[in-house]
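Novice: Just my_file24.tsv, nothing more (TSV, C-alpha atoms (C1' of nucleotides)):
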```
chain	number	residue	atom	x	y	z
A	26	MET	CA	101.59	109.55	92.41
A	27	ARG	CA	104.40	109.64	89.94
A	28	ASN	CA	107.53	111.60	90.52
A	29	LEU	CA	108.50	114.08	87.93
A	30	ASP	CA	111.57	115.19	86.12
A	31	ILE	CA	112.07	118.93	85.93
A	32	GLY	CA	111.31	118.78	82.24
A	33	GLU	CA	107.98	117.10	82.88
A	34	VAL	CA	107.01	119.68	85.46
A	35	ALA	CA	108.00	122.38	83.02
A	36	GLU	CA	105.85	120.92	80.32
A	37	GLN	CA	102.88	120.31	82.56
A	38	CYS	CA	102.72	123.85	83.82
A	39	GLY	CA	104.18	125.69	80.87
A	40	LEU	CA	107.12	127.21	82.67
A	41	PRO	CA	110.73	127.03	81.52
A	42	THR	CA	113.02	124.87	83.61
A	43	SER	CA	115.08	127.93	84.45
A	44	THR	CA	112.09	129.38	86.23
A	45	LEU	CA	111.57	126.18	88.18
A	46	ARG	CA	115.18	126.21	89.34
A	47	PHE	CA	114.82	129.85	90.18
A	48	TYR	CA	111.68	129.14	92.22
A	49	GLU	CA	113.40	126.31	94.02
A	50	GLU	CA	116.31	128.56	94.86
A	51	LYS	CA	113.82	131.07	96.27
A	52	GLY	CA	112.17	128.36	98.34
A	53	LEU	CA	108.87	128.49	96.49
A	54	ILE	CA	108.96	124.87	95.52
A	55	GLN	CA	111.16	121.99	96.50
A	56	SER	CA	112.32	118.83	94.92
A	57	ILE	CA	111.97	115.65	96.94
A	58	GLY	CA	115.44	114.51	96.02
A	59	ARG	CA	117.86	113.84	93.26
A	60	ARG	CA	118.50	111.11	90.83
A	61	GLY	CA	122.17	111.63	90.28
A	62	LEU	CA	122.36	115.34	89.75
A	63	ARG	CA	118.82	115.67	88.54
A	64	ARG	CA	116.03	117.00	90.63
A	65	VAL	CA	113.04	114.82	91.30
A	66	PHE	CA	109.72	116.49	91.96
A	67	ALA	CA	106.59	115.10	93.54
A	68	ALA	CA	103.52	115.39	91.35
A	69	GLY	CA	102.00	117.85	93.84
A	70	VAL	CA	104.45	120.50	92.77
A	71	VAL	CA	102.26	121.23	89.78
A	72	GLU	CA	99.39	122.25	91.98
A	73	ARG	CA	101.70	124.30	94.05
A	74	LEU	CA	102.90	126.09	90.97
A	75	ALA	CA	99.28	126.77	90.13
A	76	LEU	CA	98.90	128.37	93.53
A	77	ILE	CA	102.02	130.41	92.92
A	78	ALA	CA	100.60	131.57	89.62
A	79	LEU	CA	97.41	132.50	91.42
A	80	GLY	CA	99.36	134.53	93.93
A	81	ARG	CA	101.34	136.22	91.21
A	82	SER	CA	98.24	137.24	89.35
A	83	ALA	CA	96.82	138.56	92.60
A	84	GLY	CA	99.80	140.85	92.75
A	85	PHE	CA	101.79	139.05	95.41
A	86	SER	CA	105.52	139.27	94.93
A	87	LEU	CA	107.52	136.07	94.98
A	88	ASP	CA	108.78	136.96	98.44
A	89	GLU	CA	105.25	137.36	99.72
A	90	ILE	CA	104.29	134.05	98.21
A	91	ALA	CA	107.30	132.45	99.85
A	92	GLN	CA	105.94	133.64	103.19
A	93	ILE	CA	102.51	132.24	102.40
A	94	PHE	CA	104.12	128.83	102.31
A	95	GLY	CA	105.41	128.49	105.83
A	96	PRO	CA	108.97	127.31	106.40
A	97	ASP	CA	107.58	123.80	106.79
A	98	GLY	CA	106.41	123.97	103.22
A	99	ARG	CA	102.77	123.76	104.16
A	100	VAL	CA	100.33	126.33	102.81
A	101	ARG	CA	99.66	128.58	105.73
A	102	ILE	CA	97.91	131.76	104.85
A	103	ASP	CA	97.41	134.82	106.99
A	104	ARG	CA	93.71	135.51	106.58
A	105	LYS	CA	94.06	139.19	107.26
A	106	LYS	CA	96.60	139.53	104.51
A	107	LEU	CA	94.33	137.65	102.18
A	108	LEU	CA	91.42	139.95	102.81
A	109	ALA	CA	93.63	143.00	102.51
A	110	LYS	CA	94.91	141.71	99.21
A	111	ALA	CA	91.39	141.00	98.04
A	112	ASP	CA	90.37	144.55	98.90
A	113	GLU	CA	93.36	145.88	97.05
A	114	LEU	CA	92.46	143.71	94.12
A	115	ASP	CA	88.89	144.96	94.13
A	116	ALA	CA	90.13	148.53	94.08
A	117	THR	CA	92.33	147.68	91.12
A	118	ILE	CA	89.37	146.09	89.41
A	119	ARG	CA	87.29	149.22	89.86
A	120	ARG	CA	90.10	151.33	88.46
A	121	LEU	CA	90.60	149.08	85.48
A	122	THR	CA	86.87	149.13	84.85
A	123	THR	CA	86.96	152.90	84.67
A	124	VAL	CA	89.92	152.79	82.36
A	125	SER	CA	88.26	150.26	80.11
A	126	LYS	CA	85.23	152.52	79.84
A	127	ALA	CA	87.45	155.46	79.05
A	128	LEU	CA	89.16	153.52	76.29
A	129	ARG	CA	85.87	152.42	74.77
A	130	HIS	CA	84.54	155.92	74.90
A	131	ALA	CA	87.69	157.28	73.34
A	132	ALA	CA	87.38	154.77	70.53
A	133	ALA	CA	83.84	155.84	69.81
A	134	CYS	CA	84.18	159.54	70.47
A	135	LYS	CA	83.97	161.96	67.57
A	136	ALA	CA	86.12	164.71	69.05
A	137	PRO	CA	89.16	165.42	66.86
A	138	SER	CA	91.50	165.18	69.78
A	139	HIS	CA	90.37	163.26	72.83
A	140	MET	CA	91.41	165.93	75.22
A	141	GLU	CA	88.82	168.18	73.61
A	142	CYS	CA	86.06	165.80	74.58
A	143	PRO	CA	84.62	166.86	77.93
A	144	ARG	CA	83.41	163.37	78.72
A	145	PHE	CA	86.82	161.89	78.10
A	146	ARG	CA	88.46	164.55	80.20
A	147	ARG	CA	86.03	163.84	82.96
A	148	ILE	CA	86.81	160.12	82.84
A	149	VAL	CA	90.52	160.80	82.85
A	150	ARG	CA	90.15	163.05	85.84
A	151	SER	CA	88.04	160.55	87.70
A	152	ALA	CA	90.50	157.78	86.98
A	153	VAL	CA	93.37	159.85	88.25
A	154	ARG	CA	91.92	161.70	91.19
A	155	ARG	CA	90.79	158.67	93.03
A	156	PRO	CA	88.72	159.31	96.11
A	157	GLY	CA	90.57	158.29	99.23
A	158	SER	CA	94.00	158.63	97.69
A	159	ARG	CA	95.64	160.79	100.25
A	160	ARG	CA	99.13	162.00	99.67
A	161	LYS	CA	101.46	162.99	102.39
A	162	ASN	CA	104.42	165.02	101.36
A	163	GLY	CA	103.67	165.36	97.68
A	164	ALA	CA	103.43	161.73	96.76
A	165	SER	CA	101.57	159.79	94.17
A	166	THR	CA	98.33	161.34	93.01
A	167	LEU	CA	99.11	160.23	89.52
A	168	ARG	CA	101.19	157.39	90.64
A	169	ASN	CA	98.69	154.65	91.00
A	170	GLY	CA	99.07	151.01	90.20
A	171	ARG	CA	99.23	149.35	86.89
A	172	ALA	CA	98.13	146.10	85.43
A	173	ARG	CA	100.58	144.50	83.15
A	174	PRO	CA	99.56	141.44	81.28
A	175	ARG	CA	102.74	139.86	80.00
A	176	GLY	CA	103.24	137.18	77.47
A	177	THR	CA	101.20	136.32	74.37
B	25	MET	CA	97.23	179.93	81.53
B	26	ARG	CA	100.31	180.13	83.68
B	27	ASN	CA	103.53	178.54	82.75
B	28	LEU	CA	105.03	176.17	85.21
B	29	ASP	CA	108.39	175.40	86.66
B	30	ILE	CA	109.28	171.73	86.78
B	31	GLY	CA	108.90	171.83	90.55
B	32	GLU	CA	105.36	173.17	90.26
B	33	VAL	CA	104.39	170.47	87.79
B	34	ALA	CA	105.91	167.91	90.12
B	35	GLU	CA	103.91	169.19	93.04
B	36	GLN	CA	100.66	169.44	91.11
B	37	CYS	CA	100.76	165.90	89.87
B	38	GLY	CA	102.70	164.23	92.63
B	39	LEU	CA	105.59	163.03	90.52
B	40	PRO	CA	109.27	163.57	91.28
B	41	THR	CA	111.09	165.95	88.97
B	42	SER	CA	113.35	163.12	87.91
B	43	THR	CA	110.35	161.35	86.44
B	44	LEU	CA	109.29	164.45	84.56
B	45	ARG	CA	112.74	164.80	83.02
B	46	PHE	CA	112.68	161.13	82.18
B	47	TYR	CA	109.29	161.49	80.52
B	48	GLU	CA	110.48	164.47	78.55
B	49	GLU	CA	113.51	162.55	77.39
B	50	LYS	CA	111.16	159.78	76.24
B	51	GLY	CA	109.02	162.27	74.39
B	52	LEU	CA	105.96	161.82	76.58
B	53	ILE	CA	105.78	165.44	77.56
B	54	GLN	CA	107.53	168.52	76.37
B	55	SER	CA	108.55	171.80	77.84
B	56	ILE	CA	107.68	174.90	75.87
B	57	GLY	CA	111.08	176.43	76.42
B	58	ARG	CA	113.69	177.39	78.92
B	59	ARG	CA	114.32	180.20	81.31
B	60	GLY	CA	118.07	180.07	81.50
B	61	LEU	CA	118.69	176.38	81.94
B	62	ARG	CA	115.35	175.70	83.51
B	63	ARG	CA	112.51	174.04	81.70
B	64	VAL	CA	109.24	175.91	81.37
B	65	PHE	CA	106.06	173.87	81.05
B	66	ALA	CA	102.63	174.93	79.82
B	67	ALA	CA	99.88	174.32	82.32
B	68	GLY	CA	98.34	171.72	80.01
B	69	VAL	CA	101.15	169.33	80.79
B	70	VAL	CA	99.38	168.39	84.00
B	71	GLU	CA	96.41	167.05	82.10
B	72	ARG	CA	98.70	165.24	79.78
B	73	LEU	CA	100.41	163.62	82.71
B	74	ALA	CA	96.99	162.56	83.91
B	75	LEU	CA	96.42	160.91	80.57
B	76	ILE	CA	99.80	159.21	80.83
B	77	ALA	CA	98.87	157.93	84.27
B	78	LEU	CA	95.64	156.63	82.82
B	79	GLY	CA	97.51	154.82	80.10
B	80	ARG	CA	99.93	153.36	82.60
B	81	SER	CA	97.18	152.04	84.78
B	82	ALA	CA	95.59	150.54	81.70
B	83	GLY	CA	98.78	148.60	81.20
B	84	PHE	CA	100.26	150.58	78.34
B	85	SER	CA	104.02	150.76	78.41
B	86	LEU	CA	105.63	154.16	78.18
B	87	ASP	CA	106.59	153.40	74.60
B	88	GLU	CA	103.02	152.62	73.70
B	89	ILE	CA	101.88	155.81	75.33
B	90	ALA	CA	104.49	157.72	73.39
B	91	GLN	CA	102.94	156.37	70.20
B	92	ILE	CA	99.49	157.43	71.33
B	93	PHE	CA	100.74	160.98	71.27
B	94	GLY	CA	101.70	161.41	67.64
B	95	PRO	CA	105.07	162.94	66.80
B	96	ASP	CA	103.28	166.29	66.57
B	97	GLY	CA	102.45	166.02	70.24
B	98	ARG	CA	98.72	165.85	69.67
B	99	VAL	CA	96.69	163.02	71.16
B	100	ARG	CA	96.06	160.74	68.25
B	101	ILE	CA	94.69	157.39	69.16
B	102	ASP	CA	94.34	154.32	67.01
B	103	ARG	CA	90.79	153.25	67.74
B	104	LYS	CA	91.47	149.62	66.97
B	105	LYS	CA	94.28	149.56	69.46
B	106	LEU	CA	92.06	151.20	72.00
B	107	LEU	CA	89.38	148.59	71.64
B	108	ALA	CA	91.92	145.80	71.70
B	109	LYS	CA	93.38	147.20	74.87
B	110	ALA	CA	89.93	147.54	76.38
B	111	ASP	CA	89.23	143.89	75.59
B	112	GLU	CA	92.51	142.89	77.13
B	113	LEU	CA	91.68	144.96	80.16
B	114	ASP	CA	88.29	143.32	80.50
B	115	ALA	CA	89.92	139.92	80.40
B	116	THR	CA	92.29	141.02	83.13
B	117	ILE	CA	89.36	142.27	85.14
B	118	ARG	CA	87.63	138.93	84.88
B	119	ARG	CA	90.76	137.13	85.96
B	120	LEU	CA	91.30	139.44	88.90
B	121	THR	CA	87.69	138.99	89.91
B	122	THR	CA	88.22	135.25	90.08
B	123	VAL	CA	91.38	135.72	92.07
B	124	SER	CA	89.67	138.08	94.48
B	125	LYS	CA	86.96	135.52	95.05
B	126	ALA	CA	89.56	132.83	95.60
B	127	LEU	CA	91.29	134.97	98.19
B	128	ARG	CA	88.06	135.73	100.03
B	129	HIS	CA	87.13	132.10	100.02
B	130	ALA	CA	90.53	131.09	101.29
B	131	ALA	CA	90.20	133.61	104.09
B	132	ALA	CA	86.84	132.17	105.16
B	133	CYS	CA	87.51	128.50	104.50
B	134	LYS	CA	87.85	126.13	107.45
B	135	ALA	CA	90.13	123.60	105.80
B	136	PRO	CA	93.39	123.24	107.72
B	137	SER	CA	95.46	123.70	104.61
B	138	HIS	CA	93.89	125.45	101.67
B	139	MET	CA	94.99	122.87	99.21
B	140	GLU	CA	92.81	120.40	101.06
B	141	CYS	CA	89.72	122.41	100.29
B	142	PRO	CA	88.16	121.16	97.07
B	143	ARG	CA	86.49	124.48	96.39
B	144	PHE	CA	89.77	126.36	96.69
B	145	ARG	CA	91.52	123.86	94.48
B	146	ARG	CA	88.81	124.27	91.92
B	147	ILE	CA	89.15	128.04	91.97
B	148	VAL	CA	92.91	127.82	91.67
B	149	ARG	CA	92.57	125.53	88.72
B	150	SER	CA	90.03	127.74	87.03
B	151	ALA	CA	92.17	130.80	87.57
B	152	VAL	CA	95.16	129.10	86.07
B	153	ARG	CA	93.75	127.08	83.24
B	154	ARG	CA	92.15	129.96	81.49
B	155	PRO	CA	90.00	129.03	78.53
B	156	GLY	CA	91.46	130.31	75.31
B	157	SER	CA	95.03	130.43	76.56
B	158	ARG	CA	96.75	128.49	73.83
B	159	ARG	CA	100.36	127.66	74.18
B	160	LYS	CA	102.58	126.88	71.32
B	161	ASN	CA	105.79	125.18	72.22
B	162	GLY	CA	105.36	124.94	75.94
B	163	ALA	CA	104.63	128.53	76.79
B	164	SER	CA	102.68	130.28	79.49
B	165	THR	CA	99.76	128.35	80.81
B	166	LEU	CA	100.64	129.52	84.25
B	167	ARG	CA	102.26	132.59	83.06
B	168	ASN	CA	99.40	134.98	82.91
B	169	GLY	CA	99.45	138.62	83.74
B	170	ARG	CA	99.68	140.23	87.06
B	171	ALA	CA	98.37	143.38	88.60
B	172	ARG	CA	100.81	145.19	90.72
B	173	PRO	CA	99.62	148.22	92.57
B	174	ARG	CA	102.69	150.16	93.54
B	175	GLY	CA	103.07	152.97	95.98
B	176	THR	CA	100.93	153.78	99.02
C	22	DG	C1'	130.22	100.82	76.88
C	23	DT	C1'	129.46	104.75	74.60
C	24	DG	C1'	127.31	108.68	72.82
C	25	DC	C1'	123.83	112.00	73.14
C	26	DC	C1'	121.03	115.18	75.08
C	27	DA	C1'	118.78	116.84	79.02
C	28	DA	C1'	120.29	118.47	83.42
C	29	DT	C1'	123.44	120.72	86.28
C	30	DT	C1'	125.96	125.10	88.44
C	31	DC	C1'	127.21	129.83	88.65
C	32	DA	C1'	127.85	134.28	87.06
C	33	DA	C1'	126.26	137.66	84.42
C	34	DG	C1'	122.81	139.81	81.48
C	35	DT	C1'	118.10	141.83	80.42
C	36	DC	C1'	114.03	144.67	80.67
C	37	DG	C1'	111.15	148.62	82.01
C	38	DA	C1'	110.73	152.40	84.69
C	39	DC	C1'	112.75	155.09	87.23
C	40	DT	C1'	116.22	156.89	90.95
C	41	DT	C1'	120.57	158.49	92.59
C	42	DG	C1'	124.90	160.80	92.72
C	43	DA	C1'	128.29	163.91	91.37
C	44	DA	C1'	129.43	168.04	89.50
C	45	DG	C1'	128.09	172.14	87.59
C	46	DT	C1'	124.66	176.46	86.55
C	47	DC	C1'	122.00	180.27	87.57
C	48	DA	C1'	117.89	183.44	89.24
C	49	DA	C1'	116.67	185.75	93.11
C	50	DG	C1'	116.77	187.53	97.66
C	51	DC	C1'	119.69	189.73	101.08
D	28	DG	C1'	128.43	190.68	95.34
D	29	DC	C1'	127.35	186.57	97.58
D	30	DT	C1'	124.83	182.84	99.08
D	31	DT	C1'	121.29	179.65	98.56
D	32	DG	C1'	118.81	176.18	96.75
D	33	DA	C1'	116.23	174.73	92.98
D	34	DC	C1'	117.52	173.63	88.78
D	35	DT	C1'	120.71	171.33	85.12
D	36	DT	C1'	123.35	167.11	82.70
D	37	DC	C1'	125.08	162.52	82.34
D	38	DA	C1'	126.34	158.14	83.85
D	39	DA	C1'	125.43	154.63	86.65
D	40	DG	C1'	122.61	152.13	89.92
D	41	DT	C1'	118.28	149.64	91.48
D	42	DC	C1'	114.52	146.38	91.67
D	43	DG	C1'	111.95	142.16	90.62
D	44	DA	C1'	111.68	138.33	87.97
D	45	DC	C1'	113.69	135.82	85.23
D	46	DT	C1'	116.91	134.41	81.14
D	47	DT	C1'	121.19	133.26	79.01
D	48	DG	C1'	125.71	131.37	78.36
D	49	DA	C1'	129.57	128.61	79.29
D	50	DA	C1'	131.43	124.77	81.08
D	51	DT	C1'	130.43	120.28	82.97
D	52	DT	C1'	127.95	115.95	84.43
D	53	DG	C1'	125.65	111.92	83.98
D	54	DG	C1'	121.09	108.87	82.92
D	55	DC	C1'	119.45	106.11	79.56
D	56	DA	C1'	118.76	104.07	74.83
D	57	DC	C1'	121.27	101.54	71.86
```
Would you mind giving the structure from this file in structure tokens?

Specialist:
Amino acid sequence: MRNLDIGEVAEQCGLPTSTLRFYEEKGLIQSIGRRGLRRVFAAGVVERLALIALGRSAGFSLDEIAQIFGPDGRVRIDRKKLLAKADELDATIRRLTTVSKALRHAAACKAPSHMECPRFRRIVRSAVRRPGSRRKNGASTLRNGRARPRGT
Amino acid sequence: MRNLDIGEVAEQCGLPTSTLRFYEEKGLIQSIGRRGLRRVFAAGVVERLALIALGRSAGFSLDEIAQIFGPDGRVRIDRKKLLAKADELDATIRRLTTVSKALRHAAACKAPSHMECPRFRRIVRSAVRRPGSRRKNGASTLRNGRARPRGT
DNA sequence: GTGCCAATTCAAGTCGACTTGAAGTCAAGC
DNA sequence: GCTTGACTTCAAGTCGACTTGAATTGGCAC
């Protein structure tokens, strides 16, 4: 297994070096040493970064991901949390599916203004008033999650 | 149709008044006038806020949503953009589905450390190396989107 | 041995979407 | 008339995840 320069890691996983330093500072990855000033990474860091990316796209924050890697650096995942996150993800998926349908309908719909289309209004309502979204104290009926694909 | 005080709108749609003012400032909603200093909203604003919430959960930024409502205030949607967004959404859905599966597998898997499980590693790889993600100049292989459900 | 360019540190900046705080206004009920 | 509390404005703050800039160091090819 070759050791890697930060630049090589960056290239292999498509992240800027600044991000790698930032992740190291946060304890998400670690270098196995230095050559002079320069960090040296074990090749395994690439896979770890893949796992981090996976966590990110599952909606884990960097802090949560940092917890997933125990303080020893080993991957140690709380299975309950995983299942909870998977459930959350599935709910998001259902919501996004509804939204996608709504968008496709809106694109096809003849109504001059979409809000005049009863079907569209129904979809909007169903997307917003989600069953099981209980609000205590006037919170978040409309304030559900969002999916934000960033980048290209 | 009754007119609404900002507080009533806030209660009906579960958003803080500060957000409503912010949205008005951004041109996402408008009040139909003032009673003294106080904004007066038409009842329809609630539906509009629902549409905004829909757009948000579809991953539109507030600026994009502002464009969706033409300058006249009417809902005027570019059908191409809608379909493009729907496609993007579907891609996100597929990615999240993979991630959800990965999480459920990780939760069930016996391997002492997940990275030692070949199946998990395969899923991680497949979630990360997405087909069709082309990077020019060292960008974003790992840097795909993320879904972040906020709130309750 | 020397020059270059990638790496380093650290502080500060950015971005989107709001929130918070301070200070002031006013409609309505008593 | 006075109080109350929901409303108003405007500037500044927050949060997460990075990015950027300036000043410096030092590994490696020549």

Novice: List the spatial neighbours of DA49 (chain D) as a list in words - criterion: any atom at most 12 Å away, all atoms listed in the file, same-chain residues fewer than 6 positions off excluded.

Specialist: DT30, DC31, DA32 and DA33 of chain C

Novice: Using only C-alpha atoms, which of the listed residues (A:Leu53, A:Ile148, A:Leu40, A:Cys134) sits closest to chain B?

Specialist: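 The shortest atom-to-atom distance to chain B comes from A:Leu40.
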
Novice: For a test of reading the model, state the distance in Å between CA of Glu112 (chain B) and CA of Ala109 (chain A), rounded to one decimal.

Specialist: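 Separating CA of Glu112 (chain B) from CA of Ala109 (chain A) is a distance of 25.4 Å.
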
Novice: Residues of chain B no more than 12 Å from chain D, counting all atoms listed in the file: send them over as a PDB file with C-alpha atoms, in the frame of the given file.

Specialist:
```pdb
ATOM      1  CA  ASP B  29     108.390 175.400  86.660  1.00  0.00           C
ATOM      2  CA  ILE B  30     109.280 171.730  86.780  1.00  0.00           C
ATOM      3  CA  GLY B  31     108.900 171.830  90.550  1.00  0.00           C
ATOM      4  CA  GLU B  32     105.360 173.170  90.260  1.00  0.00           C
ATOM      5  CA  THR B  41     111.090 165.950  88.970  1.00  0.00           C
ATOM      6  CA  SER B  42     113.350 163.120  87.910  1.00  0.00           C
ATOM      7  CA  ARG B  45     112.740 164.800  83.020  1.00  0.00           C
ATOM      8  CA  ARG B  58     113.690 177.390  78.920  1.00  0.00           C
ATOM      9  CA  ARG B  59     114.320 180.200  81.310  1.00  0.00           C
ATOM     10  CA  GLY B  60     118.070 180.070  81.500  1.00  0.00           C
ATOM     11  CA  LEU B  61     118.690 176.380  81.940  1.00  0.00           C
ATOM     12  CA  ARG B  62     115.350 175.700  83.510  1.00  0.00           C
ATOM     13  CA  ARG B  63     112.510 174.040  81.700  1.00  0.00           C
ATOM     14  CA  VAL B  64     109.240 175.910  81.370  1.00  0.00           C
ATOM     15  CA  ARG B 172     100.810 145.190  90.720  1.00  0.00           C
TER      16      ARG B 172
END
```

Novice: So how many Å separate CA of Ser138 (chain A) and CA of Val99 (chain B), to one decimal?

Specialist: 5.8 Å

Novice: Using only C-alpha atoms (C1' of nucleotides), determine which residues lie at most 9 Å from Leu86 (chain B), disregarding the query and same-chain residues fewer than 2 positions distant; provide the list as a PDB file with C-alpha atoms (C1' of nucleotides), in the frame of the given file.

Specialist:
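Just written: result.pdb:
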```
ATOM      1  CA  TYR B  47     109.290 161.490  80.520  1.00  0.00           C
ATOM      2  CA  LYS B  50     111.160 159.780  76.240  1.00  0.00           C
ATOM      3  CA  LEU B  52     105.960 161.820  76.580  1.00  0.00           C
ATOM      4  CA  ILE B  76      99.800 159.210  80.830  1.00  0.00           C
ATOM      5  CA  GLY B  79      97.510 154.820  80.100  1.00  0.00           C
ATOM      6  CA  ARG B  80      99.930 153.360  82.600  1.00  0.00           C
ATOM      7  CA  PHE B  84     100.260 150.580  78.340  1.00  0.00           C
ATOM      8  CA  GLU B  88     103.020 152.620  73.700  1.00  0.00           C
ATOM      9  CA  ILE B  89     101.880 155.810  75.330  1.00  0.00           C
ATOM     10  CA  ALA B  90     104.490 157.720  73.390  1.00  0.00           C
ATOM     11  CA  GLN B  91     102.940 156.370  70.200  1.00  0.00           C
TER      12      GLN B  91
ATOM     13  C1'  DG C  37     111.150 148.620  82.010  1.00  0.00           C
ATOM     14  C1'  DA C  38     110.730 152.400  84.690  1.00  0.00           C
TER      15       DA C  38
END
```

Novice: Could you please tell me, as a list in words, which residues of chain C have an atom within 10 Å of chain A when using only C-alpha atoms (C1' of nucleotides)?

Specialist: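 So the contacting residues turn out to be DA27, DA28 and DT29 of chain C.
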
Novice: What is the distance between CA of Val70 (chain B) and C1' of DT46 (chain C), in Å to one decimal?

Specialist: 26.7 Å

Novice: Looking at B:Gly57, B:Pro136, B:Gly94, B:Gly38, which one is nearest to chain A, with distances taken over only C-alpha atoms?

Specialist: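 Selected residue with least distance to chain A: B:Gly38.
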
Novice: Find the residues around Val149 (chain A) up to 8 Å (only C-alpha atoms (C1' of nucleotides) counted), leave out those fewer than 2 positions away in its own chain, and share them as a VMD selection string.

Specialist: (chain A and resid 127 145 to 147 151 to 153) or (chain B and resid 74 to 75 78)

Novice: For the residues in the current selection, export C-alpha atoms as an mmCIF file, in the coordinates of the input.

Specialist:
```cif
data_model
loop_
_atom_site.group_PDB
_atom_site.id
_atom_site.type_symbol
_atom_site.label_atom_id
_atom_site.label_comp_id
_atom_site.auth_asym_id
_atom_site.auth_seq_id
_atom_site.Cartn_x
_atom_site.Cartn_y
_atom_site.Cartn_z
ATOM 1 C CA ALA A 127 87.450 155.460 79.050
ATOM 2 C CA PHE A 145 86.820 161.890 78.100
ATOM 3 C CA ARG A 146 88.460 164.550 80.200
ATOM 4 C CA ARG A 147 86.030 163.840 82.960
ATOM 5 C CA SER A 151 88.040 160.550 87.700
ATOM 6 C CA ALA A 152 90.500 157.780 86.980
ATOM 7 C CA VAL A 153 93.370 159.850 88.250
ATOM 8 C CA ALA B 74 96.990 162.560 83.910
ATOM 9 C CA LEU B 75 96.420 160.910 80.570
ATOM 10 C CA LEU B 78 95.640 156.630 82.820
#
```

Novice: Quick one: of B:Ala67, B:Ala82, B:Ile92, B:Leu44, who's nearest to chain A, counting only C-alpha atoms?

Specialist: B:Ala82

Novice: From the set B:Ala34, B:Gly51, B:Cys141, B:Phe65, which residue has the shortest atom-to-atom contact distance to chain A, counting only C-alpha atoms?

Specialist: B:Ala34

Novice: Measuring atom to atom with all atoms listed in the file, identify which of B:Arg26, B:Glu48, B:Leu73, B:Arg103 is nearest to chain A.

Specialist: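 Among B:Arg26, B:Glu48, B:Leu73, B:Arg103, it is B:Arg103 that comes nearest to chain A.
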
Novice: Can you put N, CA and C atoms back into region 130-143 of chain A and show it as a CSV table (one decimal), keeping the file's coordinate frame?

Specialist:
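Result saved to rebuild-v9.csv:
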```csv
chain,number,residue,atom,x,y,z
A,130,HIS,N,85.1,154.6,75.3
A,130,HIS,CA,84.5,155.9,74.9
A,130,HIS,C,85.4,156.6,73.9
A,131,ALA,N,86.7,156.6,74.2
A,131,ALA,CA,87.7,157.3,73.3
A,131,ALA,C,87.6,156.7,71.9
A,132,ALA,N,87.4,155.4,71.8
A,132,ALA,CA,87.4,154.8,70.5
A,132,ALA,C,86.1,155.2,69.7
A,133,ALA,N,85.1,155.5,70.5
A,133,ALA,CA,83.8,155.8,69.8
A,133,ALA,C,83.7,157.3,69.6
A,134,CYS,N,84.4,158.1,70.4
A,134,CYS,CA,84.2,159.5,70.5
A,134,CYS,C,84.6,160.2,69.2
A,135,LYS,N,83.8,161.2,68.8
A,135,LYS,CA,84.0,162.0,67.6
A,135,LYS,C,85.0,163.1,67.7
A,136,ALA,N,85.3,163.5,68.9
A,136,ALA,CA,86.1,164.7,69.0
A,136,ALA,C,87.5,164.5,68.3
A,137,PRO,N,87.9,165.5,67.7
A,137,PRO,CA,89.2,165.4,66.9
A,137,PRO,C,90.4,165.0,67.7
A,138,SER,N,90.5,165.6,68.9
A,138,SER,CA,91.5,165.2,69.8
A,138,SER,C,90.8,164.9,71.1
A,139,HIS,N,91.2,163.7,71.7
A,139,HIS,CA,90.4,163.3,72.8
A,139,HIS,C,90.3,164.2,74.0
A,140,MET,N,91.4,165.0,74.1
A,140,MET,CA,91.4,165.9,75.2
A,140,MET,C,90.4,167.1,75.0
A,141,GLU,N,89.8,167.1,73.8
A,141,GLU,CA,88.8,168.2,73.6
A,141,GLU,C,87.4,167.7,74.0
A,142,CYS,N,87.3,166.4,74.2
A,142,CYS,CA,86.1,165.8,74.6
A,142,CYS,C,85.9,165.9,76.1
A,143,PRO,N,84.8,166.6,76.5
A,143,PRO,CA,84.6,166.9,77.9
A,143,PRO,C,84.4,165.6,78.7
```
